[in-house]
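*Asks:* This structure is in structure tokens; I'll ask about it shortly.
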Amino acid sequence: MELGLLVLLVGTMWGPGVRAECGRCELTSCPAVQCKVPELLGKDECGCCSRCLGIQGDVCGGEGLRHGRCAPGYVCLTSADGQRQQKEEEEEGTGSCVCKHDYPVCGSDSSTYPTICALHLASWLSVHRLEGKIHKTHDGECKYAPVIIFSPKPVQNVTGAQVYLACEVKAVPTPIVTWRKVTESPKGVKLLEELPGDRVNVAVQVRGGPSKHESTGWVLINPLTKEDEGVYQCHASNILGEVHTEGTIEVTEKAARIKGKKKAGLQKEEN
């Protein structure tokens, strides 16, 4: 009775498919292991040899826990849970280590981590680099002021054409993007004209993306006139700050361009 009870307890501790009989522990026969950090060092299923505990994406489980266990905060998600694609050659009970809490968190280093488990690992690494511990400041992504991802490229075209300028900005919370044309007063004072304003040939579009917490903005001009020449400012802001970037549009009169081409052609014929 006592022996049967002992086998039952061991099976309960290590889960199905794990050998209950471990035999004598021979430390000299244990392989050397080196984990990413000492905090991930654990024991095998028999409590004898040292073994690294699995983190996100590491293989775990299997017959006799041959692939090992997951670190604290992780679970071994197996094919039986319907979350892992089972290969024919894979033994039953094999899975992958997955963090129990699947949501991003903000660290004290102002970095966003996909899970609290990823933050803990980064903190352990930071401590062993003598750079100090990283702790969670709040759930969700870290908040920061807008940052320019893509600036508008300079445009050169003729009157009557259709042109556009574009910019991409990222921030948390997601930024608000607007467009302005930079002008000067008769006294040389810099002025910012909000677009589209009353310009019938100007349209402004803003959408989220292409990535999370990014905004992309366009200013579209059609048809292009000589008065549209100048500097255009893409401005982005959120509760933490603002930023801007500028692009230029250079306009050539279409008639003057055609005249210039004809003149260049005549000169070529004369030569």
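By convention here, the chains of the structure tokens are called A, B, ... in the order presented, each chain's residues are numbered starting at 1, and ligands are numbered starting at 1 in the order presented.
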Could you list, as a PyMOL selection string, every residue within 9 Å of Glu246 of chain A, counting only C-alpha atoms and ignoring same-chain residues fewer than 2 positions away?
*Replies:* chain A and resi 151-153+231-235+244+248
*Asks:* Convert the current residue selection to file output with N, CA, C and O atoms, as a short mmCIF file (atom, residue, chain, number, x, y, z; two decimals), in the first residue's frame.
*Replies:*
```
data_model
loop_
_atom_site.label_atom_id
_atom_site.label_comp_id
_atom_site.auth_asym_id
_atom_site.auth_seq_id
_atom_site.Cartn_x
_atom_site.Cartn_y
_atom_site.Cartn_z
N SER A 151 9.90 60.69 -43.40
CA SER A 151 9.74 62.10 -43.74
C SER A 151 9.36 62.26 -45.20
O SER A 151 9.73 61.44 -46.05
N PRO A 152 8.64 63.34 -45.54
CA PRO A 152 8.27 63.55 -46.94
C PRO A 152 9.48 63.82 -47.82
O PRO A 152 10.41 64.52 -47.41
N LYS A 153 9.47 63.25 -49.02
CA LYS A 153 10.56 63.46 -49.97
C LYS A 153 10.27 64.70 -50.80
O LYS A 153 9.11 65.02 -51.09
N VAL A 231 7.34 75.09 -48.89
CA VAL A 231 7.67 74.12 -47.85
C VAL A 231 6.40 73.68 -47.14
O VAL A 231 5.56 74.51 -46.76
N TYR A 232 6.26 72.36 -46.95
CA TYR A 232 5.09 71.79 -46.28
C TYR A 232 5.54 71.05 -45.02
O TYR A 232 6.53 70.31 -45.05
N GLN A 233 4.78 71.25 -43.97
CA GLN A 233 5.15 70.68 -42.67
C GLN A 233 4.15 69.62 -42.23
O GLN A 233 2.94 69.87 -42.15
N CYS A 234 4.68 68.43 -41.92
CA CYS A 234 3.88 67.36 -41.31
C CYS A 234 4.06 67.47 -39.80
O CYS A 234 5.18 67.36 -39.29
N HIS A 235 2.97 67.72 -39.08
CA HIS A 235 3.03 67.95 -37.63
C HIS A 235 2.28 66.84 -36.90
O HIS A 235 1.18 66.45 -37.30
N HIS A 244 7.70 67.67 -35.74
CA HIS A 244 7.33 67.96 -37.12
C HIS A 244 8.49 67.67 -38.05
O HIS A 244 9.65 67.62 -37.64
N THR A 248 9.48 69.67 -49.44
CA THR A 248 9.36 70.80 -50.36
C THR A 248 8.72 70.37 -51.68
O THR A 248 8.86 69.23 -52.12
#
```
*Asks:* What's the separation between atom CA of Gln56 of chain A and atom CA of Cys97 of chain A, in Å to one decimal place?
*Replies:* 5.1 Å
*Asks:* Please provide as an MDAnalysis selection string all residues within 8 Å of segment 38-40 of chain A, with the sequence filter that same-chain residues fewer than 6 positions apart are discarded (counting only C-alpha atoms).
*Replies:* chainID A and resid 52:54 71 124
*Asks:* Give me the residues within 10 Å of Ile148 of chain A as a ChimeraX atom specification, counting only C-alpha atoms and dropping any in the same chain fewer than 6 places off.
*Replies:* /A:167-171,214-215,234-236,243-245
*Asks:* Grab the residues selected above and save them as a compact mmCIF listing (two decimals), in the first residue's frame with N, CA, C and O atoms.
*Replies:*
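And here's out_22.txt as it stands now:
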```
# COMPACT_ATOMS: atom_id res chain seq x y z
N CYS A 167 4.08 61.35 -44.78
CA CYS A 167 4.94 61.13 -43.61
C CYS A 167 4.31 60.09 -42.71
O CYS A 167 3.09 59.91 -42.71
N GLU A 168 5.16 59.37 -41.94
CA GLU A 168 4.70 58.38 -40.97
C GLU A 168 5.26 58.74 -39.60
O GLU A 168 6.44 59.10 -39.47
N VAL A 169 4.42 58.64 -38.60
CA VAL A 169 4.80 59.01 -37.23
C VAL A 169 4.31 57.93 -36.28
O VAL A 169 3.24 57.34 -36.48
N LYS A 170 5.10 57.66 -35.23
CA LYS A 170 4.71 56.67 -34.23
C LYS A 170 4.77 57.29 -32.85
O LYS A 170 5.66 58.08 -32.54
N ALA A 171 3.81 56.91 -32.00
CA ALA A 171 3.77 57.38 -30.62
C ALA A 171 2.73 56.59 -29.85
O ALA A 171 1.86 55.95 -30.43
N GLU A 214 0.99 53.80 -35.11
CA GLU A 214 1.54 54.68 -36.15
C GLU A 214 0.41 55.40 -36.86
O GLU A 214 -0.70 54.88 -36.98
N SER A 215 0.71 56.59 -37.35
CA SER A 215 -0.23 57.34 -38.19
C SER A 215 0.51 57.77 -39.45
O SER A 215 1.66 58.18 -39.39
N CYS A 234 4.68 68.43 -41.92
CA CYS A 234 3.88 67.36 -41.31
C CYS A 234 4.06 67.47 -39.80
O CYS A 234 5.18 67.36 -39.29
N HIS A 235 2.97 67.72 -39.08
CA HIS A 235 3.03 67.95 -37.63
C HIS A 235 2.28 66.84 -36.90
O HIS A 235 1.18 66.45 -37.30
N ALA A 236 2.89 66.29 -35.85
CA ALA A 236 2.27 65.21 -35.07
C ALA A 236 2.33 65.54 -33.59
O ALA A 236 3.33 66.09 -33.12
N VAL A 243 6.08 66.85 -32.64
CA VAL A 243 7.25 66.81 -33.50
C VAL A 243 6.79 67.20 -34.90
O VAL A 243 5.59 67.08 -35.23
N HIS A 244 7.70 67.67 -35.74
CA HIS A 244 7.33 67.96 -37.12
C HIS A 244 8.49 67.67 -38.05
O HIS A 244 9.65 67.62 -37.64
N THR A 245 8.16 67.46 -39.31
CA THR A 245 9.14 67.27 -40.36
C THR A 245 8.64 68.00 -41.60
O THR A 245 7.43 68.24 -41.74
```
*Asks:* Which neighbours of His120 of chain A fall inside 10 Å, counting only C-alpha atoms, when residues of the same chain fewer than 6 positions from it are skipped, and could you give them as a list of chain:residue names?
*Replies:*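 Neighbouring residues, sequence-local ones excluded: A:Gly73, A:Gly107, A:Tyr113, A:Ser126, A:Lys133, A:Ile134, A:His135, A:Lys136.
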*Asks:* Could you pull the residues within 12 Å of His67 of chain A, counting only C-alpha atoms, minus those fewer than 3 positions along the same chain, as a list of chain:residue names?
*Replies:*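 Residues meeting the cut-off are A:Val18, A:Asp44, A:Glu45, A:Arg51, A:Cys52, A:Leu53, A:Gly54, A:Asp58, A:Val59, A:Cys60, A:Gly61, A:Gly62, A:Glu63, A:Gly64, A:Cys70, A:Cys76, A:Glu90, A:Glu91, A:Glu92, A:Gly93, A:Thr94, A:Gly95, A:Ser96, A:Cys97.
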